file structure.pdb (PDB, C-alpha atoms and all ligand atoms)
ATOM      1  CA  MET A 164       0.000   0.000   0.000
ATOM      2  CA  PHE A 165       0.956   3.652  -0.288
ATOM      3  CA  PRO A 166       3.550   4.968   0.416
ATOM      4  CA  VAL A 167       5.467   1.708  -0.200
ATOM      5  CA  THR A 168       3.609   0.951  -3.396
ATOM      6  CA  ARG A 169       3.709   3.869  -5.781
ATOM      7  CA  MET A 170       2.259   3.273  -9.250
ATOM      8  CA  ARG A 171       4.056   6.354 -10.524
ATOM      9  CA  ARG A 172       7.490   4.845  -9.732
ATOM     10  CA  MET A 173       7.412   2.729 -12.900
ATOM     11  CA  ARG A 174       6.193   5.683 -14.926
ATOM     12  CA  SER A 175       8.978   7.968 -13.854
ATOM     13  CA  ASP A 176      11.537   6.710 -16.385
ATOM     14  CA  GLU A 177      10.811   6.681 -20.095
ATOM     15  CA  ARG A 178      12.920   3.554 -20.686
ATOM     16  CA  LEU A 179      10.990   1.630 -18.038
ATOM     17  CA  ARG A 180       7.713   2.843 -19.502
ATOM     18  CA  GLU A 181       8.790   1.485 -22.863
ATOM     19  CA  MET A 182       9.952  -1.848 -21.430
ATOM     20  CA  PHE A 183       6.611  -2.580 -19.844
ATOM     21  CA  CYS A 184       4.203  -1.087 -22.344
ATOM     22  CA  GLU A 185       1.582  -3.812 -22.769
ATOM     23  CA  THR A 186       0.499  -2.987 -26.298
ATOM     24  CA  SER A 187       2.668  -2.465 -29.340
ATOM     25  CA  VAL A 188       1.606  -1.421 -32.811
ATOM     26  CA  ASP A 189       3.674  -2.201 -35.874
ATOM     27  CA  ILE A 190       3.116  -1.660 -39.597
ATOM     28  CA  SER A 191       2.799  -5.446 -39.996
ATOM     29  CA  ASP A 192      -0.439  -5.194 -37.938
ATOM     30  CA  PHE A 193      -2.197  -3.328 -40.741
ATOM     31  CA  ILE A 194      -4.316  -4.155 -43.764
ATOM     32  CA  TYR A 195      -4.841  -1.267 -46.199
ATOM     33  CA  PRO A 196      -8.152  -0.836 -48.082
ATOM     34  CA  LEU A 197      -7.740   0.008 -51.764
ATOM     35  CA  TYR A 198     -10.546   1.325 -53.978
ATOM     36  CA  ILE A 199     -10.209   0.378 -57.621
ATOM     37  CA  LYS A 200     -12.434   2.118 -60.136
ATOM     38  CA  GLU A 201     -12.989   0.706 -63.581
ATOM     39  CA  SER A 202     -13.305   4.085 -65.292
ATOM     40  CA  ALA A 203     -10.339   5.733 -63.519
ATOM     41  CA  GLU A 204      -7.537   6.908 -65.795
ATOM     42  CA  ASP A 205      -3.956   5.833 -65.162
ATOM     43  CA  GLY A 206      -1.900   8.501 -63.452
ATOM     44  CA  THR A 207      -4.821  10.557 -62.137
ATOM     45  CA  PRO A 208      -6.282   8.955 -58.998
ATOM     46  CA  GLU A 209      -9.532  10.605 -57.898
ATOM     47  CA  GLU A 210      -9.468  11.954 -54.367
ATOM     48  CA  ILE A 211     -12.540  10.939 -52.355
ATOM     49  CA  SER A 212     -14.101  14.174 -51.125
ATOM     50  CA  THR A 213     -15.419  12.688 -47.865
ATOM     51  CA  MET A 214     -12.079  10.956 -47.144
ATOM     52  CA  PRO A 215      -9.273  13.462 -47.725
ATOM     53  CA  GLY A 216      -6.033  11.688 -48.626
ATOM     54  CA  GLN A 217      -7.816   8.567 -49.960
ATOM     55  CA  TYR A 218      -8.235   7.877 -53.673
ATOM     56  CA  ARG A 219     -10.022   5.771 -56.251
ATOM     57  CA  TYR A 220      -7.329   4.172 -58.393
ATOM     58  CA  SER A 221      -7.075   2.546 -61.797
ATOM     59  CA  VAL A 222      -5.798  -1.049 -61.657
ATOM     60  CA  ASN A 223      -2.261  -0.001 -62.628
ATOM     61  CA  ASP A 224      -2.143   2.860 -60.145
ATOM     62  CA  ALA A 225      -3.522   0.709 -57.333
ATOM     63  CA  VAL A 226      -0.873  -1.940 -57.938
ATOM     64  CA  GLU A 227       1.884   0.655 -58.126
ATOM     65  CA  PHE A 228       0.748   2.358 -54.911
ATOM     66  CA  ALA A 229       0.388  -0.975 -53.119
ATOM     67  CA  GLY A 230       3.956  -1.794 -54.180
ATOM     68  CA  LEU A 231       5.204   1.461 -52.631
ATOM     69  CA  LEU A 232       3.449   0.658 -49.364
ATOM     70  CA  GLU A 233       4.875  -2.857 -49.443
ATOM     71  CA  ASP A 234       8.400  -1.464 -49.876
ATOM     72  CA  SER A 235       7.836   0.423 -46.600
ATOM     73  CA  GLY A 236       6.685  -2.648 -44.680
ATOM     74  CA  LEU A 237       2.967  -3.122 -45.370
ATOM     75  CA  LYS A 238       1.983  -6.806 -45.536
ATOM     76  CA  SER A 239      -1.609  -6.836 -46.697
ATOM     77  CA  VAL A 240      -4.363  -5.043 -48.624
ATOM     78  CA  ILE A 241      -8.138  -5.468 -48.949
ATOM     79  CA  LEU A 242      -9.783  -4.625 -52.264
ATOM     80  CA  PHE A 243     -13.026  -2.804 -53.074
ATOM     81  CA  GLY A 244     -14.245  -2.363 -56.650
ATOM     82  CA  ILE A 245     -16.214   0.392 -58.322
ATOM     83  CA  PRO A 246     -17.422  -1.087 -61.625
ATOM     84  CA  ASP A 247     -18.756   0.717 -64.706
ATOM     85  CA  HIS A 248     -21.681  -1.638 -64.988
ATOM     86  CA  LYS A 249     -24.188  -2.123 -62.182
ATOM     87  CA  ASP A 250     -27.336  -4.244 -62.389
ATOM     88  CA  ALA A 251     -29.895  -5.942 -60.150
ATOM     89  CA  VAL A 252     -27.774  -9.057 -59.603
ATOM     90  CA  ALA A 253     -24.256  -7.551 -59.445
ATOM     91  CA  SER A 254     -23.074  -9.427 -62.552
ATOM     92  CA  SER A 255     -19.772  -7.582 -62.747
ATOM     93  CA  ALA A 256     -18.819  -8.727 -59.231
ATOM     94  CA  HIS A 257     -18.094 -12.273 -60.426
ATOM     95  CA  ASP A 258     -16.872 -11.405 -63.924
ATOM     96  CA  PRO A 259     -13.562 -13.285 -64.415
ATOM     97  CA  ASN A 260     -12.274 -10.082 -65.987
ATOM     98  CA  GLY A 261     -13.874  -7.766 -63.448
ATOM     99  CA  ILE A 262     -12.056  -4.892 -61.852
ATOM    100  CA  ILE A 263     -11.164  -6.800 -58.668
ATOM    101  CA  GLN A 264     -10.217  -9.998 -60.480
ATOM    102  CA  GLN A 265      -7.801  -7.996 -62.676
ATOM    103  CA  THR A 266      -6.333  -6.242 -59.653
ATOM    104  CA  ILE A 267      -5.866  -9.518 -57.769
ATOM    105  CA  ARG A 268      -3.979 -11.028 -60.688
ATOM    106  CA  GLN A 269      -1.662  -8.053 -61.029
ATOM    107  CA  LEU A 270      -1.016  -7.735 -57.302
ATOM    108  CA  LYS A 271      -0.160 -11.416 -57.110
ATOM    109  CA  GLU A 272       2.221 -11.055 -60.048
ATOM    110  CA  GLN A 273       3.934  -7.899 -58.905
ATOM    111  CA  THR A 274       3.908  -7.980 -55.089
ATOM    112  CA  ASP A 275       4.126 -10.352 -52.141
ATOM    113  CA  LEU A 276       1.233  -8.705 -50.338
ATOM    114  CA  VAL A 277      -1.463 -10.837 -48.709
ATOM    115  CA  VAL A 278      -4.429  -9.891 -50.884
ATOM    116  CA  LEU A 279      -7.909  -9.912 -49.331
ATOM    117  CA  GLY A 280     -10.983  -9.558 -51.528
ATOM    118  CA  ASP A 281     -14.049  -8.007 -49.911
ATOM    119  CA  VAL A 282     -16.966 -10.187 -51.005
ATOM    120  CA  CYS A 283     -20.179  -8.193 -51.267
ATOM    121  CA  MET A 284     -22.671  -7.070 -53.871
ATOM    122  CA  CYS A 285     -23.503  -3.502 -52.859
ATOM    123  CA  GLU A 286     -20.889  -1.799 -55.023
ATOM    124  CA  TYR A 287     -22.117  -3.809 -58.030
ATOM    125  CA  THR A 288     -25.905  -3.605 -57.703
ATOM    126  CA  ASP A 289     -27.927  -0.768 -59.228
ATOM    127  CA  HIS A 290     -30.035  -0.639 -56.037
ATOM    128  CA  GLY A 291     -26.990  -0.512 -53.743
ATOM    129  CA  HIS A 292     -28.079  -3.358 -51.452
ATOM    130  CA  CYS A 293     -25.841  -6.269 -50.479
ATOM    131  CA  GLY A 294     -27.991  -8.979 -52.066
ATOM    132  CA  ILE A 295     -30.807  -9.977 -54.395
ATOM    133  CA  ILE A 296     -33.988  -7.929 -53.919
ATOM    134  CA  ARG A 297     -37.514  -9.253 -54.187
ATOM    135  CA  ASP A 298     -40.582  -7.692 -52.559
ATOM    136  CA  ASN A 299     -38.370  -4.865 -51.315
ATOM    137  CA  TYR A 300     -36.448  -7.348 -49.186
ATOM    138  CA  VAL A 301     -32.893  -8.675 -49.530
ATOM    139  CA  GLN A 302     -33.371 -12.389 -50.172
ATOM    140  CA  ASN A 303     -30.978 -14.347 -48.013
ATOM    141  CA  ASP A 304     -30.715 -17.796 -49.570
ATOM    142  CA  GLU A 305     -30.689 -16.631 -53.181
ATOM    143  CA  THR A 306     -27.900 -14.190 -52.374
ATOM    144  CA  LEU A 307     -25.694 -17.017 -51.087
ATOM    145  CA  ASP A 308     -25.229 -18.409 -54.606
ATOM    146  CA  TYR A 309     -24.041 -15.048 -55.881
ATOM    147  CA  LEU A 310     -21.663 -14.511 -52.987
ATOM    148  CA  SER A 311     -20.206 -17.975 -53.541
ATOM    149  CA  ARG A 312     -19.674 -17.198 -57.200
ATOM    150  CA  ILE A 313     -17.868 -13.952 -56.342
ATOM    151  CA  ALA A 314     -15.635 -15.756 -53.838
ATOM    152  CA  VAL A 315     -14.727 -18.486 -56.353
ATOM    153  CA  SER A 316     -13.986 -15.888 -59.057
ATOM    154  CA  TYR A 317     -11.571 -14.160 -56.641
ATOM    155  CA  ALA A 318      -9.952 -17.498 -55.854
ATOM    156  CA  ASP A 319      -9.655 -18.224 -59.599
ATOM    157  CA  ALA A 320      -7.772 -14.924 -59.903
ATOM    158  CA  GLY A 321      -5.445 -16.011 -57.082
ATOM    159  CA  VAL A 322      -6.737 -14.099 -54.071
ATOM    160  CA  ASP A 323      -5.164 -15.047 -50.728
ATOM    161  CA  VAL A 324      -8.259 -14.500 -48.551
ATOM    162  CA  VAL A 325     -11.961 -13.866 -49.148
ATOM    163  CA  ALA A 326     -13.750 -11.529 -46.746
ATOM    164  CA  PRO A 327     -17.562 -11.628 -46.951
ATOM    165  CA  SER A 328     -19.087  -8.363 -45.663
ATOM    166  CA  ASP A 329     -22.722  -8.858 -46.672
ATOM    167  CA  MET A 330     -24.135 -10.215 -43.354
ATOM    168  CA  MET A 331     -26.349 -12.876 -44.975
ATOM    169  CA  ASP A 332     -27.059 -15.902 -42.782
ATOM    170  CA  GLY A 333     -25.167 -19.029 -43.796
ATOM    171  CA  ARG A 334     -22.746 -17.330 -46.140
ATOM    172  CA  VAL A 335     -19.598 -18.669 -44.529
ATOM    173  CA  ALA A 336     -20.798 -22.253 -44.959
ATOM    174  CA  ALA A 337     -21.941 -21.555 -48.527
ATOM    175  CA  ILE A 338     -18.653 -19.912 -49.511
ATOM    176  CA  ARG A 339     -16.588 -22.628 -47.794
ATOM    177  CA  ASP A 340     -18.493 -25.274 -49.683
ATOM    178  CA  ALA A 341     -18.070 -23.468 -53.010
ATOM    179  CA  LEU A 342     -14.340 -22.929 -52.458
ATOM    180  CA  ASP A 343     -13.798 -26.551 -51.441
ATOM    181  CA  THR A 344     -15.799 -27.876 -54.394
ATOM    182  CA  ASN A 345     -13.477 -25.888 -56.632
ATOM    183  CA  ASP A 346     -10.377 -27.240 -54.887
ATOM    184  CA  TYR A 347      -9.599 -24.052 -52.985
ATOM    185  CA  ILE A 348      -9.382 -25.862 -49.678
ATOM    186  CA  ASN A 349      -6.562 -23.614 -48.499
ATOM    187  CA  THR A 350      -8.191 -20.275 -49.263
ATOM    188  CA  PRO A 351      -9.139 -18.777 -45.875
ATOM    189  CA  ILE A 352     -12.356 -16.914 -45.120
ATOM    190  CA  PHE A 353     -12.207 -13.821 -42.899
ATOM    191  CA  SER A 354     -15.844 -13.101 -42.154
ATOM    192  CA  TYR A 355     -17.197  -9.776 -41.070
ATOM    193  CA  ALA A 356     -19.017 -11.664 -38.334
ATOM    194  CA  ALA A 357     -20.007  -8.678 -36.230
ATOM    195  CA  LYS A 358     -20.902  -5.869 -38.582
ATOM    196  CA  TYR A 359     -23.143  -3.112 -37.334
ATOM    197  CA  ALA A 360     -25.576  -0.952 -39.327
ATOM    198  CA  SER A 361     -23.407   2.087 -38.664
ATOM    199  CA  THR A 362     -23.432   5.731 -39.668
ATOM    200  CA  PHE A 363     -19.643   5.468 -39.622
ATOM    201  CA  TYR A 364     -19.824   3.950 -43.147
ATOM    202  CA  ALA A 365     -21.180   7.133 -44.737
ATOM    203  CA  PRO A 366     -17.891   8.241 -46.357
ATOM    204  CA  PHE A 367     -17.332   4.711 -47.749
ATOM    205  CA  ARG A 368     -20.696   4.730 -49.477
ATOM    206  CA  ASP A 369     -19.746   7.974 -51.125
ATOM    207  CA  ALA A 370     -16.349   6.546 -52.079
ATOM    208  CA  ALA A 371     -17.758   3.287 -53.440
ATOM    209  CA  ASP A 372     -20.978   4.773 -54.785
ATOM    210  CA  SER A 373     -22.959   2.156 -52.848
ATOM    211  CA  THR A 374     -25.627   4.050 -50.919
ATOM    212  CA  PRO A 375     -28.855   1.982 -51.033
ATOM    213  CA  SER A 376     -31.375   3.562 -53.422
ATOM    214  CA  PHE A 377     -34.187   2.755 -50.979
ATOM    215  CA  GLY A 378     -34.366   1.803 -47.318
ATOM    216  CA  ASP A 379     -31.308   0.969 -45.247
ATOM    217  CA  ARG A 380     -29.219  -2.057 -44.270
ATOM    218  CA  LYS A 381     -30.896  -2.720 -40.932
ATOM    219  CA  SER A 382     -32.540  -5.955 -42.073
ATOM    220  CA  TYR A 383     -29.080  -7.549 -42.421
ATOM    221  CA  GLN A 384     -26.503  -5.503 -40.478
ATOM    222  CA  MET A 385     -26.700  -5.401 -36.684
ATOM    223  CA  ASP A 386     -28.292  -2.868 -34.358
ATOM    224  CA  PRO A 387     -25.569  -0.775 -32.639
ATOM    225  CA  GLY A 388     -27.246  -1.438 -29.291
ATOM    226  CA  ASN A 389     -26.758  -5.200 -29.464
ATOM    227  CA  PHE A 390     -23.919  -7.028 -27.740
ATOM    228  CA  ASN A 391     -25.144 -10.589 -27.131
ATOM    229  CA  GLU A 392     -26.238 -10.820 -30.741
ATOM    230  CA  ALA A 393     -22.645 -10.147 -31.856
ATOM    231  CA  ILE A 394     -21.458 -13.143 -29.876
ATOM    232  CA  ARG A 395     -24.091 -15.335 -31.496
ATOM    233  CA  GLU A 396     -23.116 -14.041 -34.961
ATOM    234  CA  VAL A 397     -19.477 -14.926 -34.336
ATOM    235  CA  GLU A 398     -20.359 -18.305 -32.869
ATOM    236  CA  LEU A 399     -22.261 -19.211 -36.039
ATOM    237  CA  ASP A 400     -19.455 -18.074 -38.330
ATOM    238  CA  VAL A 401     -16.906 -20.058 -36.307
ATOM    239  CA  TYR A 402     -19.174 -23.088 -36.538
ATOM    240  CA  GLU A 403     -19.517 -22.584 -40.315
ATOM    241  CA  GLY A 404     -15.737 -22.539 -40.665
ATOM    242  CA  THR A 405     -14.508 -18.965 -40.740
ATOM    243  CA  ASP A 406     -10.747 -18.655 -40.268
ATOM    244  CA  ALA A 407     -10.734 -15.168 -38.756
ATOM    245  CA  ILE A 408     -13.282 -12.730 -37.388
ATOM    246  CA  ILE A 409     -13.701  -9.114 -38.489
ATOM    247  CA  VAL A 410     -15.392  -6.630 -36.150
ATOM    248  CA  LYS A 411     -16.680  -3.429 -37.675
ATOM    249  CA  PRO A 412     -16.604  -0.496 -36.926
ATOM    250  CA  ALA A 413     -13.705  -0.472 -34.447
ATOM    251  CA  LEU A 414     -13.392   2.381 -31.983
ATOM    252  CA  ALA A 415     -17.032   2.646 -30.930
ATOM    253  CA  TYR A 416     -17.299  -1.168 -30.585
ATOM    254  CA  LEU A 417     -14.243  -2.067 -28.499
ATOM    255  CA  ASP A 418     -16.388  -3.773 -25.851
ATOM    256  CA  VAL A 419     -17.667  -6.144 -28.537
ATOM    257  CA  LEU A 420     -14.144  -6.720 -29.839
ATOM    258  CA  ARG A 421     -12.786  -7.595 -26.390
ATOM    259  CA  GLU A 422     -15.620 -10.004 -25.635
ATOM    260  CA  ILE A 423     -15.181 -11.751 -28.974
ATOM    261  CA  LYS A 424     -11.444 -12.162 -28.415
ATOM    262  CA  ASN A 425     -11.970 -13.499 -24.897
ATOM    263  CA  THR A 426     -14.725 -15.881 -25.921
ATOM    264  CA  PHE A 427     -13.388 -17.380 -29.144
ATOM    265  CA  LYS A 428      -9.604 -16.798 -29.102
ATOM    266  CA  MET A 429      -9.837 -16.571 -32.892
ATOM    267  CA  PRO A 430      -7.557 -14.496 -35.111
ATOM    268  CA  THR A 431      -9.437 -11.205 -34.878
ATOM    269  CA  VAL A 432      -9.373  -8.164 -37.133
ATOM    270  CA  ALA A 433     -10.877  -4.754 -36.386
ATOM    271  CA  TYR A 434     -11.981  -2.499 -39.237
ATOM    272  CA  GLN A 435     -11.347   1.165 -38.484
ATOM    273  CA  VAL A 436     -13.929   2.325 -40.997
ATOM    274  CA  SER A 437     -14.237   5.331 -43.259
ATOM    275  CA  GLY A 438     -16.117   7.521 -40.764
ATOM    276  CA  GLU A 439     -13.499   6.901 -38.090
ATOM    277  CA  TYR A 440     -10.776   7.906 -40.544
ATOM    278  CA  SER A 441     -12.612  10.999 -41.736
ATOM    279  CA  MET A 442     -13.497  12.145 -38.218
ATOM    280  CA  ILE A 443      -9.906  11.914 -36.961
ATOM    281  CA  THR A 444      -8.561  13.427 -40.190
ATOM    282  CA  ALA A 445     -10.967  16.380 -39.942
ATOM    283  CA  GLY A 446     -10.010  16.972 -36.317
ATOM    284  CA  ILE A 447      -6.318  17.017 -37.218
ATOM    285  CA  GLU A 448      -6.929  19.306 -40.216
ATOM    286  CA  LYS A 449      -8.891  21.728 -38.064
ATOM    287  CA  GLY A 450      -6.207  21.731 -35.405
ATOM    288  CA  TYR A 451      -8.632  20.556 -32.698
ATOM    289  CA  ILE A 452      -6.516  17.475 -32.034
ATOM    290  CA  THR A 453      -3.080  16.228 -33.088
ATOM    291  CA  GLU A 454      -1.946  13.257 -35.177
ATOM    292  CA  ASP A 455      -1.216  11.478 -31.886
ATOM    293  CA  LEU A 456      -4.903  10.595 -31.781
ATOM    294  CA  MET A 457      -4.391   8.387 -34.816
ATOM    295  CA  TYR A 458      -1.732   6.375 -32.935
ATOM    296  CA  GLU A 459      -3.824   6.286 -29.765
ATOM    297  CA  SER A 460      -6.720   4.858 -31.757
ATOM    298  CA  PHE A 461      -4.516   1.985 -33.016
ATOM    299  CA  THR A 462      -3.212   1.260 -29.527
ATOM    300  CA  SER A 463      -6.750   1.192 -28.153
ATOM    301  CA  ILE A 464      -7.973  -1.147 -30.883
ATOM    302  CA  LYS A 465      -5.076  -3.558 -30.300
ATOM    303  CA  ARG A 466      -5.444  -3.357 -26.518
ATOM    304  CA  ALA A 467      -9.100  -4.343 -26.938
ATOM    305  CA  GLY A 468      -8.037  -7.576 -28.631
ATOM    306  CA  ALA A 469      -7.428  -6.960 -32.335
ATOM    307  CA  ASP A 470      -4.571  -8.911 -33.918
ATOM    308  CA  MET A 471      -4.816  -6.841 -37.090
ATOM    309  CA  ILE A 472      -6.356  -3.488 -38.015
ATOM    310  CA  ILE A 473      -7.840  -2.559 -41.376
ATOM    311  CA  SER A 474      -7.106   1.159 -41.604
ATOM    312  CA  TYR A 475      -7.025   3.965 -44.151
ATOM    313  CA  PHE A 476      -4.192   5.618 -42.204
ATOM    314  CA  VAL A 477      -1.504   3.293 -43.593
ATOM    315  CA  PRO A 478       0.011   5.794 -46.075
ATOM    316  CA  GLN A 479       0.109   8.422 -43.336
ATOM    317  CA  ILE A 480       1.827   6.066 -40.882
ATOM    318  CA  LEU A 481       4.449   5.375 -43.539
ATOM    319  CA  GLY A 482       4.776   9.001 -44.589
ATOM    320  CA  ILE A 483       3.702   8.159 -48.152
ATOM    321  CA  GLU A 484       1.171  10.478 -49.771
TER     322      GLU A 484
HETATM  323  C1  LIG B 501     -19.904  -3.391 -48.082
HETATM  324  C2  LIG B 501     -18.968  -2.720 -47.163
HETATM  325  C3  LIG B 501     -19.132  -1.524 -46.438
HETATM  326  C4  LIG B 501     -17.913  -1.260 -45.842
HETATM  327  C5  LIG B 501     -17.066  -2.297 -46.188
HETATM  328  N1  LIG B 501     -17.738  -3.216 -46.977
HETATM  329  C6  LIG B 501     -20.209  -0.562 -46.347
HETATM  330  C7  LIG B 501     -21.571  -0.851 -46.007
HETATM  331  O1  LIG B 501     -21.927  -1.866 -45.401
HETATM  332  O2  LIG B 501     -22.363   0.008 -46.381
HETATM  333  C8  LIG B 501     -17.600  -0.062 -45.019
HETATM  334  C9  LIG B 501     -16.180   0.326 -44.984
HETATM  335  C10 LIG B 501     -15.918   1.672 -44.444
HETATM  336  O3  LIG B 501     -16.822   2.421 -44.051
HETATM  337  O4  LIG B 501     -14.730   2.010 -44.407
HETATM  338  N2  LIG B 501     -20.856  -4.179 -47.572
END
call {"tool": "encode", "arguments": {"input": "structure.pdb", "output": "structure tokens"}}
result
Amino acid sequence: MFPVTRMRRMRSDERLREMFCETSVDISDFIYPLYIKESAEDGTPEEISTMPGQYRYSVNDAVEFAGLLEDSGLKSVILFGIPDHKDAVASSAHDPNGIIQQTIRQLKEQTDLVVLGDVCMCEYTDHGHCGIIRDNYVQNDETLDYLSRIAVSYADAGVDVVAPSDMMDGRVAAIRDALDTNDYINTPIFSYAAKYASTFYAPFRDAADSTPSFGDRKSYQMDPGNFNEAIREVELDVYEGTDAIIVKPALAYLDVLREIKNTFKMPTVAYQVSGEYSMITAGIEKGYITEDLMYESFTSIKRAGADMIISYFVPQILGIE
């Protein structure tokens, strides 16, 4: 007890503080999201107005930029596509020559990055929802076939990991089955098991042009007030064979992240989403807060149990603009 025990004693020396810091963050903890747009011209990436410092790239530019990040220590990227053609069933999402399939092939040829493909339909549907619509409702079981097709087309292109973000029931089992049937037994699935219907995605929907044309995503993504339901979602995905869990968003859901890590001990990834990036970036730009907040956010996310963080801040961490 005080005065014998003094908690400040171990904080009084910077070297001791460093020795016993419980949480470390390294560039190898990060996965960088890349937006690839079919109509983008080489050499002129389009800055995303709601995400300053983030761009929509052509395939060549995306691969070149990813290579630069890799040279500075980045290990992994996750890909999002913005196709020219959108229709009711997201045909271009599983096109063997689609924008993501082309990018996967080139990244695999030109880099050693671990390439994750986000599997979803919302960027490819004309209605902006993550599945097949009938009677104004996203049809679960029908959507599974399409998701499986997208996952297999990514695997055909050589993707390292597929990451379904649609929140349909049973999609991990369906995708696992489709991959295995096509001999991709060693292609892992990282499922967005706990994905909330969050306002933090607003800048992404602008970036990916995927705002739903009617309604919202609350009939498939989770209510921000629900905690127990997240555990059940993860339990099902683990049972269906997911290899890692993605929790999304990150900073406002650290309680969920910690519980998931404690309960399942699975490889766990937190997605620091577009709104989190834009909020911190705006604060720094305005001078209300400093860049240190960016680092504190990573430390907090790792402390809460994340093994990896998907974050738009990667170029900034590496000093590459
Ligand atoms: C697609 C998807 C979304 C994000 C990743 N995959 C958006 C959504 O559900 O509307 C959000 C990423 C971000 O905000 O950074 N289903």
call {"tool": "residues_around", "arguments": {"input": "structure.pdb", "residues": "Met330 in chain A", "least_positions_apart": "2", "cutoff": "10 Å", "atoms": "all atoms listed in the file", "output": "ChimeraX atom specification"}}
result
/A:283,293-294,303,327-328,332-335,354-359,380,382-385,396
call {"tool": "resolve_selection", "arguments": {"input": "structure.pdb", "expression": "the PyMOL selection byres (((chain A and resi 186-198) around 9) and not hetatm)", "output": "mmCIF file with C-alpha atoms, in the frame of the given file"}}
result
data_model
loop_
_atom_site.group_PDB
_atom_site.id
_atom_site.type_symbol
_atom_site.label_atom_id
_atom_site.label_comp_id
_atom_site.auth_asym_id
_atom_site.auth_seq_id
_atom_site.Cartn_x
_atom_site.Cartn_y
_atom_site.Cartn_z
ATOM 1 C CA PHE A 183 6.611 -2.580 -19.844
ATOM 2 C CA CYS A 184 4.203 -1.087 -22.344
ATOM 3 C CA GLU A 185 1.582 -3.812 -22.769
ATOM 4 C CA ILE A 199 -10.209 0.378 -57.621
ATOM 5 C CA LYS A 200 -12.434 2.118 -60.136
ATOM 6 C CA GLN A 217 -7.816 8.567 -49.960
ATOM 7 C CA TYR A 218 -8.235 7.877 -53.673
ATOM 8 C CA ARG A 219 -10.022 5.771 -56.251
ATOM 9 C CA TYR A 220 -7.329 4.172 -58.393
ATOM 10 C CA SER A 221 -7.075 2.546 -61.797
ATOM 11 C CA ALA A 225 -3.522 0.709 -57.333
ATOM 12 C CA ALA A 229 0.388 -0.975 -53.119
ATOM 13 C CA SER A 235 7.836 0.423 -46.600
ATOM 14 C CA GLY A 236 6.685 -2.648 -44.680
ATOM 15 C CA LEU A 237 2.967 -3.122 -45.370
ATOM 16 C CA LYS A 238 1.983 -6.806 -45.536
ATOM 17 C CA SER A 239 -1.609 -6.836 -46.697
ATOM 18 C CA VAL A 240 -4.363 -5.043 -48.624
ATOM 19 C CA ILE A 241 -8.138 -5.468 -48.949
ATOM 20 C CA LEU A 242 -9.783 -4.625 -52.264
ATOM 21 C CA PHE A 243 -13.026 -2.804 -53.074
ATOM 22 C CA GLY A 244 -14.245 -2.363 -56.650
ATOM 23 C CA ILE A 245 -16.214 0.392 -58.322
ATOM 24 C CA VAL A 277 -1.463 -10.837 -48.709
ATOM 25 C CA LEU A 279 -7.909 -9.912 -49.331
ATOM 26 C CA ALA A 370 -16.349 6.546 -52.079
ATOM 27 C CA ALA A 371 -17.758 3.287 -53.440
ATOM 28 C CA TYR A 458 -1.732 6.375 -32.935
ATOM 29 C CA PHE A 461 -4.516 1.985 -33.016
ATOM 30 C CA THR A 462 -3.212 1.260 -29.527
ATOM 31 C CA SER A 463 -6.750 1.192 -28.153
ATOM 32 C CA LYS A 465 -5.076 -3.558 -30.300
ATOM 33 C CA ARG A 466 -5.444 -3.357 -26.518
ATOM 34 C CA ASP A 470 -4.571 -8.911 -33.918
ATOM 35 C CA MET A 471 -4.816 -6.841 -37.090
ATOM 36 C CA ILE A 472 -6.356 -3.488 -38.015
ATOM 37 C CA ILE A 473 -7.840 -2.559 -41.376
ATOM 38 C CA SER A 474 -7.106 1.159 -41.604
ATOM 39 C CA TYR A 475 -7.025 3.965 -44.151
ATOM 40 C CA PHE A 476 -4.192 5.618 -42.204
ATOM 41 C CA VAL A 477 -1.504 3.293 -43.593
ATOM 42 C CA PRO A 478 0.011 5.794 -46.075
ATOM 43 C CA ILE A 480 1.827 6.066 -40.882
ATOM 44 C CA LEU A 481 4.449 5.375 -43.539
#
call {"tool": "axis_aligned_box", "arguments": {"input": "structure.pdb", "around": "ligand LIG 501 (chain B)", "padding_each_side": "4 Å", "output": "AutoDock Vina command-line options"}}
result
--center_x -18.5 --center_y -0.9 --center_z -46.1 --size_x 15.6 --size_y 14.6 --size_z 12.0
call {"tool": "residues_near_ligand", "arguments": {"input": "structure.pdb", "ligand": "ligand LIG 501 (chain B)", "cutoff": "6 Å", "atoms": "all atoms listed in the file", "output": "PyMOL selection string"}}
result
chain A and resi 283+285+328-329+364+367-368+436-437
call {"tool": "residues_around", "arguments": {"input": "structure.pdb", "residues": "Gln273 in chain A", "least_positions_apart": "2", "cutoff": "12 Å", "atoms": "only C-alpha atoms", "output": "list of chain:residue names"}}
result
A:Asn223, A:Ala225, A:Val226, A:Glu227, A:Phe228, A:Ala229, A:Gly230, A:Leu231, A:Glu233, A:Asp234, A:Thr266, A:Ile267, A:Arg268, A:Gln269, A:Leu270, A:Lys271, A:Asp275, A:Leu276, A:Val277, A:Val278
call {"tool": "residues_around", "arguments": {"input": "structure.pdb", "residues": "range 340-350 of chain A", "least_positions_apart": "3", "cutoff": "8 Å", "atoms": "only C-alpha atoms", "output": "PyMOL selection string"}}
result
chain A and resi 311-312+314-315+318+322-325+336-337
call {"tool": "resolve_selection", "arguments": {"input": "structure.pdb", "expression": "the PyMOL selection byres (((chain A and resi 424) around 12) and not hetatm)", "output": "MDAnalysis selection string"}}
result
chainID A and resid 393:394 397:398 407:410 417:423 425:433 464:470
call {"tool": "closest_residue", "arguments": {"input": "structure.pdb", "among": "A:Ala365, A:Ile338, A:Ile295, A:Ile263", "to": "Met214 in chain A", "atoms": "all atoms listed in the file"}}
result
A:Ala365
call {"tool": "closest_residue", "arguments": {"input": "structure.pdb", "among": "A:Gln265, A:Tyr440, A:Glu204, A:Asp379", "to": "Gly321 in chain A", "atoms": "only C-alpha atoms"}}
result
A:Gln265
